[in-house]
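All remarks here apply to the structure that follows.
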Amino acid sequence: AAKDVSIMIFFCTHAEDTKFLGPSWKKEPEDLILPIHSPEQEAILTCEASGVPSPQYRWSLNGTLIDLHGDERRRLSGGNLIITSLERDQDSGVYQCTASNTQGTILSQRATLQFAYLESFKMQTRSAVNVREGQGVVLLCGTPLHSGELTFTWVFNEYPHFVQQDSRRFISQETGNLYIAKVEPSDVGNYTCVVNNTITKERVFSSPTPLVLRNDGAMGEYEPKIELHFPDTIPAAKGSTLKLECFALGNPVPKISWRRTSDVSFPNKVKLKNSNAILEIPSFQQEDTGTYECIAENSRGKNAARGPTPHWLQTMTDKSLSIEENLFWECKANGKPKPSYSWLKNGETLISEGRVQIENGALSISSLNLSDGGMYQCVAENKHGIIYSSAELMVLASAPSFSQNPLSRVLKARSGCDVSLDCRPHASPRAISLLCDANKLSINFRISLFPNGTLKIANVTKRDGGTYTCIAKNQFGTASTTGRLIITEPTRISQGPSSTEITVGESIVLPCQVTADPALDVAFSWAFNGQPIDFHQDADHFERVGGSFSGDLMIRNIQLNHGGKYVCLIDTDVESLSTDAILVVKGPPSPPDLVVVEEVTDSTAQLSWSPGQDNGSPITGYVIQARTPFTVGWQAVDTVPEVINGNTLTATVVGLNAWVEYEFRVLASNSVGMGEPSPPSTKIRTEDAMPDTAPTDVGGGGGTKSELVITWEPVPEELQNGEGFGYIIAFRPVGMVTWTRAVISAPSVTRYVFRNDTIPPFSPFNIKVGAFNNRGEGPFSSIATVFSAEEVPRVAPERVSAKSLSAADIEVTWELIASTPERVLGYEVVYWEDDTKPDTVGKVRITGNYTAVNVSGLQGNTQYYLAVCAFNTAGTGPQSVPVNVTTKKPPPGQPPQNVEWNLIGSQLVLQWDPVIALETESEVTGYIVSDIISLHPENALGYLIRTLSEGGLGEGSEPIHIYQLSKSFPVAVFYFVFRRH
């Protein structure tokens with residue numbers, strides 16, 4: 001049976017958190033430089049601290065507290081100091097922000113507010129600088145008095161011809177000087193330094209400095225001399241951009257390079273500019289600190305300059321200590337010269353005496369009491385500046401409490417394992433514990449009680465289950481915590497997954513089932529090849545199935561990448577178990593690789609390749625596909641051997657076209673199926689050969705007098721077999737033996753015309769067309785028969801007449817031409833309007849022995865002239881004598897109006913107003929009622945009414961929709977009634 005156990009123990013732990021926090025800086029003021037002539041501009045000095053309660057802020061200027069009461073130009077926004085209507089004399093100086101709350105006070109970094117300006121150069125004549133050719137020179141700018149960031153350029157001879165920087169010339173943005181590594185004759189002239197203030201946008205020009213060449217000969221070669229290098233110490237704020245300049249004089253012109261003396265390589269962000277004269281480090285960080293070296297080198301030697309960049313200040317961190325404990329804070333900073341240290345508490349200077357000791361920047365306070373709590377700052381200072389580091393000391397005194405770390409209400413442990421019960425109260429100072437009811441807890445070889453409050457029970461059994469209590473006590477009070485220990489039986493895996501093989505596309509369930517103590521919560525998870533399975537992201541393939549003691553894994557539509565090791569992980573309150581299996585997925589082979597064309601002829605290509613993975617099933621065969629610029633996609637090709645087995649890694653592709661660019665790829669197959677294709681081989685072109693394909697669709701005929709026209713379908717480019725492709729045209733009169741030949745060297749030509757006055761018209765010829773290229777002649781096409789060009793008919797048709805059928809139609813008639821040496825294939829009617837200007841309006845052609853045709857689409861009430869001629873393949877013959885006829889007036893343009901209908905029994909009666917034709921329109925001779933396609937449902941019929949005249953049909957009325965009341969409704973029975981006016 002379980003037994004209740006109560007204990008009291010000695011215990012030491014961290015103090016409870018407090019809801020009060022001293023101020024700490026979030027944003028500190030930064031130096032500001034503003035234009036001097038900006039009366040409406042305002043300056044904002046940033047100051048923001050966090051703390052509970054929220055800090056209050058004060059500002060000082062040059063060490064004197066600023067009184068903001070009644071000050072119209074200065075005000076606070078949060079902790080920020082805003083100054084308007086700026087005045088240079090009153091507002092320039094060093095500002096410092098102070099943040100205070102009930103927990104303490106801290107001082108910010110100091111920030112300087114300056115006003116930018118740029119004075120003019122003293123306009124005095126500058127002496128000439130005399131140098132020898134090949135010598136290096138430095139032209140001094142002599143920057144005038146200023147405040148604010150400057151940029152420098154130099155003018156050569158006259159504005160705006162600026163000096164262009166390169167490996168030989170460099171303008172320092174630190175000194176403003178112009179450095180010329182090696183003077184050349186083209187450098188002779190006047191140089192003017194131009195200074196720009198980036199804040200005020202002012203620009204001033206120096207007096208020109210003449211550069212003159214000496215006449216005592218050129219300077220010989222000499223080793224580099226570094227004239228511009230960076231200082232020993234460079235202040236750099238975290239996140240800022242650091243620029244280092246280095247330039248050397250020398251002959252030949254030195255090359256500049258950079259290195260870190262620690263042999264640490266430059267990060268990718270480092271940029272080298274102006275022929276390596278500038279090293280730029282953006283977003284400067286702790287790891288960028290160290291010593292940088294500039295190296296100048298030419299064929300005569302090398303020189304180097306180096307200097308360290310600053311190291312960061314070792315800062316303080318907040319501390320929470322119990323009363324009577326000891327404090328030790330260390331504060332270190334690097335600088336040149338070595339900085340001195342001082343300490344502040346709540347903004348006031350600390351003195352080393354009694355419990356408070358300050359030595360080499362370290363602060364120690366022994367036997368802390370509540371009054372020692374507050375905000376502390378370490379101050380590091382040298383001639384270059386002052387740096388602050390802030391932290392809060394909280395001195396705690398509280399009774400023991402288990403509110404944050406109570407014993408678990410229920411603690412479960414597996415029978416046979418070791419159990420530790422941790423007693424961790426929050427107390428300041430540390431809690432002292434006593435044992436109570438010791439007779440209920442037997443301390444023995446299995447049960448151990450440690451000074452830190454931990455109770456350890458080895459090899460637990462059911463008898464160790466029960467309620468355990470820990471009691472903690474210090475001078476401020478007592479607290480306890482109680483928990484129940486439950487001992488459970490071990491969990492066993494009743495069914496786990498087994499290794500198996502499966503084919504791509506199939507599904508499987510991997511079982512994972514356990515037998516567990518009912519008191520335990522059981523959780524299942526799965527890992528695949530060492531990575532947890534995400535059932536949400538991989539829901540297309542993985543699903544967990546089963547009940548509370550089953551974590552089976554279903555895998556759907558298995559793919560090759562699902563092969564591997566699967567581990568089922570079982571987690572309970574007291575232990576973790578696992579079981580695993582190997583899943584082998586069989587699928588089509590992976591793509592072959594390294595397809596190489598080893599030998600090629602005009603019709604064959606020998607290939608080799610490397611096999612891909614067989615994916616669980618041996619490769620049984622290969623298929624080769626090819627692609628050319630003339631095929632649609634990839635196509636299977638014939639090979640030797642015809643069937644390529646799985647052990648063969650070479651084959652010869654046959655039946656290729658000569659002089660065609662090919663790509664090849666290989667696909668492997670196994671018992672599962674055909675795999676993905678290999679990457680394409682390198683493109684190769686087969687060797688050239690004589691053409692083996694003749695042109696097709698050879699024919700011709702037609703043309704003009706004394707011509708023989710021959711046509712053919714060109715040979716496709718992929719069948720031309722080589723360069724220099726063309727056609728050979730052969731022809732002879734029917735019955736003759738000798739062929740006449742012609743050569744065309746253009747592969748895209750499809751027509752040849754032979755002209756000769758001796759060719760009789762419409763005479764039969766035998767023709768054939770062959771092909772050739774640089775390798776020789778290919779086959780000819782089969783012989784075809786075509787006729788030479790015929791002559792146009794020489795006789796015009798007679799007895800031509802015309803009559804108007806309507807406003808838009810004329811009927812033309814004529815007599816057939818009785819006999820003529822030339823063929824007549826048909827007749828053509830031409831017509832026009834103005835006989836003084838017989839420009840053709842249109843033509844109507846009819847093939848065959850016809851003697852009449854209708855001309856349509858004409859204008860109403862218009863006179864037309866018409867003529868007829870015969871035609872054949874050679875063209876049209878002479879026209880007949882023209883005839884003229886006037887088309888009838890057009891039908892009325894006004895449609896029937898006011899249409900009404902009435903259904904009387906089985907009769908439909910329609911009524912409308914008569915249409916009166918205008919003088920220019922044909923008289924109405926009747927009306928026509930027409931069915932129309934109705935857009936209404938099936939039981940609706942549609943009609944419209946149109947006028948009838950000798951000019952044709954007139955405009956239709958608005959559609960009339962009549963709804964059919966029954967299937968027996970008569971459609972064709974009408975009575976028409978005309979209203980009369």
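Chains: A, B, ... in order of the structure tokens. Residues: from 1 per chain. Ligands: from 1, in order shown.
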Tell me which protein, DNA and RNA residues are within 8 Å of region 244-259 of chain A, counting only C-alpha atoms, leaving out same-chain ones fewer than 5 positions away, and put them as a PDB file with C-alpha atoms, in the first residue's frame.
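New file out36.pdb:
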```pdb
ATOM      1  CA  GLY A 134      57.786  60.069 -62.572  1.00  0.00           C
ATOM      2  CA  GLN A 135      57.916  61.630 -59.096  1.00  0.00           C
ATOM      3  CA  GLY A 136      54.947  61.434 -56.696  1.00  0.00           C
ATOM      4  CA  VAL A 137      53.318  64.569 -55.274  1.00  0.00           C
ATOM      5  CA  SER A 167      45.048  53.959 -59.586  1.00  0.00           C
ATOM      6  CA  ARG A 168      47.435  56.940 -60.109  1.00  0.00           C
ATOM      7  CA  PHE A 170      43.367  59.851 -55.352  1.00  0.00           C
ATOM      8  CA  SER A 172      41.183  61.883 -49.731  1.00  0.00           C
ATOM      9  CA  TYR A 179      47.623  62.497 -54.195  1.00  0.00           C
ATOM     10  CA  ILE A 180      49.368  61.737 -57.522  1.00  0.00           C
ATOM     11  CA  ALA A 181      51.410  58.530 -57.255  1.00  0.00           C
ATOM     12  CA  LYS A 182      53.508  59.230 -60.372  1.00  0.00           C
ATOM     13  CA  GLY A 220      63.832  56.854 -61.745  1.00  0.00           C
ATOM     14  CA  GLU A 221      61.877  53.960 -60.286  1.00  0.00           C
ATOM     15  CA  TYR A 222      61.494  53.777 -56.492  1.00  0.00           C
ATOM     16  CA  GLU A 223      59.573  51.706 -53.942  1.00  0.00           C
ATOM     17  CA  PRO A 224      56.112  52.746 -52.633  1.00  0.00           C
ATOM     18  CA  LYS A 225      55.837  55.434 -50.015  1.00  0.00           C
ATOM     19  CA  ILE A 226      52.524  55.468 -48.126  1.00  0.00           C
ATOM     20  CA  GLU A 227      51.508  59.131 -47.798  1.00  0.00           C
ATOM     21  CA  LEU A 228      47.942  58.570 -46.630  1.00  0.00           C
ATOM     22  CA  HIS A 229      47.049  56.019 -43.975  1.00  0.00           C
ATOM     23  CA  PHE A 230      44.403  55.612 -41.317  1.00  0.00           C
ATOM     24  CA  SER A 265      39.249  36.630 -44.107  1.00  0.00           C
ATOM     25  CA  PHE A 266      37.113  39.644 -44.982  1.00  0.00           C
ATOM     26  CA  SER A 275      41.410  51.138 -57.057  1.00  0.00           C
ATOM     27  CA  ASN A 276      41.478  49.671 -53.504  1.00  0.00           C
ATOM     28  CA  ALA A 277      42.416  53.019 -51.915  1.00  0.00           C
ATOM     29  CA  ILE A 278      39.245  52.855 -49.774  1.00  0.00           C
ATOM     30  CA  LEU A 279      38.217  49.896 -47.548  1.00  0.00           C
ATOM     31  CA  GLU A 280      34.540  50.154 -46.570  1.00  0.00           C
ATOM     32  CA  TYR A 292      43.759  46.012 -40.576  1.00  0.00           C
ATOM     33  CA  GLU A 293      46.841  46.360 -42.776  1.00  0.00           C
ATOM     34  CA  CYS A 294      47.205  48.312 -46.037  1.00  0.00           C
ATOM     35  CA  ILE A 295      49.938  47.045 -48.399  1.00  0.00           C
ATOM     36  CA  ALA A 296      51.354  49.143 -51.281  1.00  0.00           C
ATOM     37  CA  GLU A 297      53.519  47.226 -53.732  1.00  0.00           C
ATOM     38  CA  ASN A 298      55.336  47.756 -57.052  1.00  0.00           C
ATOM     39  CA  SER A 299      58.276  46.110 -58.825  1.00  0.00           C
ATOM     40  CA  ARG A 300      60.751  48.042 -56.633  1.00  0.00           C
TER      41      ARG A 300
END
```
query: If you run DSSP on the backbone, which residues of region 18-258 of chain A are strand (DSSP E), as a PyMOL selection string?
result: chain A and resi 21-27+32-35+43-45+48-52+56-61+64-65+74-77+80-83+93-101+104-107+111-118+129-131+137-139+146-147+150-156+169-171+178-180+189-197+203-205+209-213+222-228+242-245+247-251+255-258
Keeping C-alpha atoms, export the residues of the selection given above as a CSV table (one decimal), in the first residue's frame.
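Okay, this is what ended up in selection-v9.csv:
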```
chain,number,residue,atom,x,y,z
A,21,LEU,CA,12.2,47.7,-12.8
A,22,GLY,CA,14.8,50.4,-12.8
A,23,PRO,CA,15.3,52.5,-16.0
A,24,SER,CA,17.4,51.1,-18.8
A,25,TRP,CA,18.2,52.9,-22.1
A,26,LYS,CA,16.3,52.1,-25.3
A,27,LYS,CA,17.5,55.1,-27.2
A,32,LEU,CA,23.6,66.6,-34.2
A,33,ILE,CA,25.0,69.0,-36.7
A,34,LEU,CA,22.5,71.4,-38.2
A,35,PRO,CA,22.7,74.2,-40.9
A,43,ALA,CA,16.4,70.0,-33.3
A,44,ILE,CA,15.3,66.7,-31.7
A,45,LEU,CA,17.6,65.1,-29.2
A,48,GLU,CA,14.0,56.9,-24.4
A,49,ALA,CA,14.3,54.5,-21.4
A,50,SER,CA,12.2,51.5,-20.2
A,51,GLY,CA,11.3,50.8,-16.6
A,52,VAL,CA,8.5,50.2,-14.1
A,56,GLN,CA,10.9,60.7,-15.7
A,57,TYR,CA,13.4,62.7,-17.7
A,58,ARG,CA,15.7,65.7,-17.2
A,59,TRP,CA,18.2,67.3,-19.5
A,60,SER,CA,21.5,69.2,-18.9
A,61,LEU,CA,23.5,71.5,-21.2
A,64,THR,CA,23.9,72.7,-16.1
A,65,LEU,CA,20.3,71.4,-15.6
A,74,ARG,CA,12.5,74.0,-25.5
A,75,ARG,CA,10.0,71.2,-24.6
A,76,LEU,CA,9.9,67.5,-23.8
A,77,SER,CA,8.1,64.9,-25.9
A,80,ASN,CA,13.0,63.6,-26.3
A,81,LEU,CA,14.2,67.2,-26.0
A,82,ILE,CA,12.8,69.4,-28.9
A,83,ILE,CA,14.4,72.8,-29.5
A,93,GLY,CA,27.0,72.5,-26.5
A,94,VAL,CA,27.1,69.1,-24.8
A,95,TYR,CA,23.7,67.6,-23.8
A,96,GLN,CA,23.0,64.7,-21.4
A,97,CYS,CA,19.7,63.0,-20.5
A,98,THR,CA,18.8,61.7,-17.1
A,99,ALA,CA,16.1,59.0,-16.6
A,100,SER,CA,14.7,58.3,-13.1
A,101,ASN,CA,12.0,56.2,-11.4
A,104,GLY,CA,16.9,54.6,-9.4
A,105,THR,CA,18.5,57.0,-11.8
A,106,ILE,CA,20.8,56.6,-14.9
A,107,LEU,CA,22.7,59.1,-17.1
A,111,ALA,CA,25.6,64.3,-27.3
A,112,THR,CA,26.9,67.4,-29.0
A,113,LEU,CA,24.7,69.8,-30.8
A,114,GLN,CA,26.6,71.9,-33.4
A,115,PHE,CA,25.7,74.2,-36.2
A,116,ALA,CA,27.2,73.6,-39.6
A,117,TYR,CA,29.1,76.3,-41.5
A,118,LEU,CA,31.9,76.6,-44.0
A,129,VAL,CA,54.8,72.9,-57.0
A,130,ASN,CA,57.9,71.8,-59.0
A,131,VAL,CA,58.3,68.0,-59.6
A,137,VAL,CA,53.3,64.6,-55.3
A,138,VAL,CA,50.7,65.6,-52.7
A,139,LEU,CA,48.7,68.8,-53.3
A,146,HIS,CA,34.0,74.6,-40.8
A,147,SER,CA,31.5,72.5,-38.9
A,150,LEU,CA,32.7,67.8,-45.9
A,151,THR,CA,33.3,66.3,-49.4
A,152,PHE,CA,36.3,67.2,-51.6
A,153,THR,CA,36.9,67.5,-55.3
A,154,TRP,CA,39.6,69.1,-57.4
A,155,VAL,CA,39.3,71.2,-60.6
A,156,PHE,CA,42.0,70.8,-63.2
A,169,ARG,CA,45.3,59.8,-58.6
A,170,PHE,CA,43.4,59.9,-55.4
A,171,ILE,CA,41.4,62.5,-53.5
A,178,LEU,CA,45.1,65.3,-53.9
A,179,TYR,CA,47.6,62.5,-54.2
A,180,ILE,CA,49.4,61.7,-57.5
A,189,GLY,CA,48.5,72.7,-65.0
A,190,ASN,CA,46.6,74.5,-62.2
A,191,TYR,CA,44.7,72.6,-59.5
A,192,THR,CA,41.9,74.1,-57.4
A,193,CYS,CA,40.5,72.4,-54.3
A,194,VAL,CA,36.7,72.5,-54.1
A,195,VAL,CA,35.1,71.9,-50.6
A,196,ASN,CA,31.4,71.1,-50.2
A,197,ASN,CA,29.5,71.2,-46.9
A,203,ARG,CA,30.8,75.2,-51.8
A,204,VAL,CA,34.1,77.2,-51.7
A,205,PHE,CA,37.1,77.2,-54.1
A,209,THR,CA,48.1,75.6,-57.2
A,210,PRO,CA,50.3,75.4,-60.3
A,211,LEU,CA,52.0,72.0,-60.9
A,212,VAL,CA,55.2,72.5,-63.0
A,213,LEU,CA,57.6,69.9,-64.4
A,222,TYR,CA,61.5,53.8,-56.5
A,223,GLU,CA,59.6,51.7,-53.9
A,224,PRO,CA,56.1,52.7,-52.6
A,225,LYS,CA,55.8,55.4,-50.0
A,226,ILE,CA,52.5,55.5,-48.1
A,227,GLU,CA,51.5,59.1,-47.8
A,228,LEU,CA,47.9,58.6,-46.6
A,242,LEU,CA,33.6,52.4,-41.4
A,243,LYS,CA,35.9,53.7,-44.1
A,244,LEU,CA,39.7,53.4,-44.1
A,245,GLU,CA,41.8,55.3,-46.6
A,247,PHE,CA,47.3,55.7,-50.8
A,248,ALA,CA,51.0,55.5,-51.8
A,249,LEU,CA,53.4,57.3,-54.1
A,250,GLY,CA,55.8,55.3,-56.2
A,251,ASN,CA,57.2,54.6,-59.6
A,255,LYS,CA,49.0,48.5,-56.3
A,256,ILE,CA,47.0,48.7,-53.0
A,257,SER,CA,45.8,45.6,-51.2
A,258,TRP,CA,44.4,44.9,-47.7
```
task: Would you please work out which residue, of A:Ser428, A:Ser403, A:Thr862, A:Ser880, is nearest to Val830 (chain A) when using only C-alpha atoms?
output: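 Closest candidate: A:Ser880.
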message: Which residues are near region 751-756 of chain A? Cut-off 7 Å, only C-alpha atoms, ignore same chain within fewer than 6 positions. Put them as a PyMOL selection string.
response: chain A and resi 706-712
Would you mind exporting C-alpha atoms of the selected residues as a PDB file, in the first residue's frame?
```pdb
ATOM      1  CA  SER A 706       6.121  30.956-125.371  1.00  0.00           C
ATOM      2  CA  GLU A 707       6.533  29.718-121.774  1.00  0.00           C
ATOM      3  CA  LEU A 708       6.781  26.247-120.260  1.00  0.00           C
ATOM      4  CA  VAL A 709       6.020  26.414-116.517  1.00  0.00           C
ATOM      5  CA  ILE A 710       7.256  23.524-114.321  1.00  0.00           C
ATOM      6  CA  THR A 711       6.399  23.270-110.581  1.00  0.00           C
ATOM      7  CA  TRP A 712       7.206  20.839-107.755  1.00  0.00           C
TER       8      TRP A 712
END
```
Could you name the residues that touch region 522-529 of chain A at 7 Å or less, counting only C-alpha atoms, but leaving out those on the same chain fewer than 4 positions away, as an mmCIF file with all heavy atoms, in the first residue's frame?
```
data_model
loop_
_atom_site.group_PDB
_atom_site.id
_atom_site.type_symbol
_atom_site.label_atom_id
_atom_site.label_comp_id
_atom_site.auth_asym_id
_atom_site.auth_seq_id
_atom_site.Cartn_x
_atom_site.Cartn_y
_atom_site.Cartn_z
ATOM 1 N N ILE A 533 7.821 13.294 -39.297
ATOM 2 C CA ILE A 533 6.844 13.407 -40.385
ATOM 3 C C ILE A 533 5.848 14.498 -40.024
ATOM 4 O O ILE A 533 5.251 14.482 -38.945
ATOM 5 C CB ILE A 533 6.125 12.068 -40.640
ATOM 6 C CG1 ILE A 533 7.128 11.017 -41.149
ATOM 7 C CG2 ILE A 533 4.978 12.238 -41.633
ATOM 8 C CD1 ILE A 533 6.520 9.642 -41.348
ATOM 9 N N PHE A 549 -4.454 3.459 -28.224
ATOM 10 C CA PHE A 549 -3.236 2.675 -28.036
ATOM 11 C C PHE A 549 -2.718 2.134 -29.354
ATOM 12 O O PHE A 549 -2.044 1.112 -29.403
ATOM 13 C CB PHE A 549 -3.479 1.531 -27.051
ATOM 14 C CG PHE A 549 -3.746 2.014 -25.654
ATOM 15 C CD1 PHE A 549 -5.012 1.958 -25.109
ATOM 16 C CD2 PHE A 549 -2.721 2.553 -24.891
ATOM 17 C CE1 PHE A 549 -5.259 2.414 -23.834
ATOM 18 C CE2 PHE A 549 -2.959 3.014 -23.614
ATOM 19 C CZ PHE A 549 -4.225 2.953 -23.067
ATOM 20 N N GLY A 551 -0.978 3.662 -33.104
ATOM 21 C CA GLY A 551 -0.481 4.800 -33.883
ATOM 22 C C GLY A 551 -0.074 4.381 -35.268
ATOM 23 O O GLY A 551 0.990 4.777 -35.753
ATOM 24 N N GLY A 564 12.960 4.009 -47.204
ATOM 25 C CA GLY A 564 13.898 4.343 -46.143
ATOM 26 C C GLY A 564 13.462 3.780 -44.811
ATOM 27 O O GLY A 564 12.640 2.847 -44.733
ATOM 28 N N LYS A 565 14.004 4.350 -43.731
ATOM 29 C CA LYS A 565 13.755 3.856 -42.380
ATOM 30 C C LYS A 565 12.626 4.643 -41.717
ATOM 31 O O LYS A 565 12.671 5.871 -41.657
ATOM 32 C CB LYS A 565 15.015 3.964 -41.538
ATOM 33 C CG LYS A 565 14.883 3.387 -40.130
ATOM 34 C CD LYS A 565 16.200 3.475 -39.376
ATOM 35 C CE LYS A 565 16.087 2.870 -37.978
ATOM 36 N NZ LYS A 565 17.370 2.946 -37.239
ATOM 37 N N TYR A 566 11.616 3.916 -41.231
ATOM 38 C CA TYR A 566 10.486 4.512 -40.519
ATOM 39 C C TYR A 566 10.565 4.096 -39.052
ATOM 40 O O TYR A 566 10.738 2.905 -38.737
ATOM 41 C CB TYR A 566 9.158 4.059 -41.119
ATOM 42 C CG TYR A 566 8.871 4.681 -42.467
ATOM 43 C CD1 TYR A 566 9.427 4.156 -43.622
ATOM 44 C CD2 TYR A 566 8.071 5.806 -42.572
ATOM 45 C CE1 TYR A 566 9.181 4.726 -44.857
ATOM 46 C CE2 TYR A 566 7.818 6.391 -43.806
ATOM 47 C CZ TYR A 566 8.376 5.845 -44.949
ATOM 48 O OH TYR A 566 8.129 6.422 -46.159
ATOM 49 N N VAL A 567 10.472 5.078 -38.176
ATOM 50 C CA VAL A 567 10.542 4.831 -36.738
ATOM 51 C C VAL A 567 9.261 5.311 -36.098
ATOM 52 O O VAL A 567 8.862 6.478 -36.271
ATOM 53 C CB VAL A 567 11.757 5.554 -36.104
ATOM 54 C CG1 VAL A 567 11.798 5.284 -34.607
ATOM 55 C CG2 VAL A 567 13.051 5.107 -36.761
ATOM 56 N N CYS A 568 8.589 4.407 -35.354
ATOM 57 C CA CYS A 568 7.417 4.791 -34.559
ATOM 58 C C CYS A 568 7.901 5.132 -33.158
ATOM 59 O O CYS A 568 8.573 4.328 -32.493
ATOM 60 C CB CYS A 568 6.405 3.640 -34.513
ATOM 61 S SG CYS A 568 4.974 4.013 -33.468
ATOM 62 N N LEU A 569 7.601 6.354 -32.711
ATOM 63 C CA LEU A 569 8.011 6.843 -31.401
ATOM 64 C C LEU A 569 6.796 6.854 -30.483
ATOM 65 O O LEU A 569 5.763 7.460 -30.813
ATOM 66 C CB LEU A 569 8.602 8.239 -31.514
ATOM 67 C CG LEU A 569 9.791 8.375 -32.478
ATOM 68 C CD1 LEU A 569 10.098 9.842 -32.738
ATOM 69 C CD2 LEU A 569 11.014 7.683 -31.903
ATOM 70 N N ILE A 570 6.915 6.166 -29.317
ATOM 71 C CA ILE A 570 5.811 6.106 -28.352
ATOM 72 C C ILE A 570 6.257 6.851 -27.106
ATOM 73 O O ILE A 570 7.276 6.504 -26.491
ATOM 74 C CB ILE A 570 5.449 4.652 -28.005
ATOM 75 C CG1 ILE A 570 5.138 3.857 -29.283
ATOM 76 C CG2 ILE A 570 4.276 4.615 -27.047
ATOM 77 C CD1 ILE A 570 6.226 2.925 -29.695
ATOM 78 N N ASP A 571 5.524 7.899 -26.752
ATOM 79 C CA ASP A 571 5.838 8.693 -25.563
ATOM 80 C C ASP A 571 4.686 8.588 -24.569
ATOM 81 O O ASP A 571 3.516 8.815 -24.933
ATOM 82 C CB ASP A 571 6.056 10.162 -25.938
ATOM 83 C CG ASP A 571 7.347 10.368 -26.703
ATOM 84 O OD1 ASP A 571 8.403 10.032 -26.169
ATOM 85 O OD2 ASP A 571 7.283 10.845 -27.854
ATOM 86 N N THR A 572 5.033 8.224 -23.311
ATOM 87 C CA THR A 572 4.058 8.234 -22.225
ATOM 88 C C THR A 572 4.517 9.234 -21.185
ATOM 89 O O THR A 572 5.539 9.905 -21.348
ATOM 90 C CB THR A 572 3.915 6.834 -21.602
ATOM 91 O OG1 THR A 572 5.106 6.546 -20.854
ATOM 92 C CG2 THR A 572 3.718 5.769 -22.680
#
```
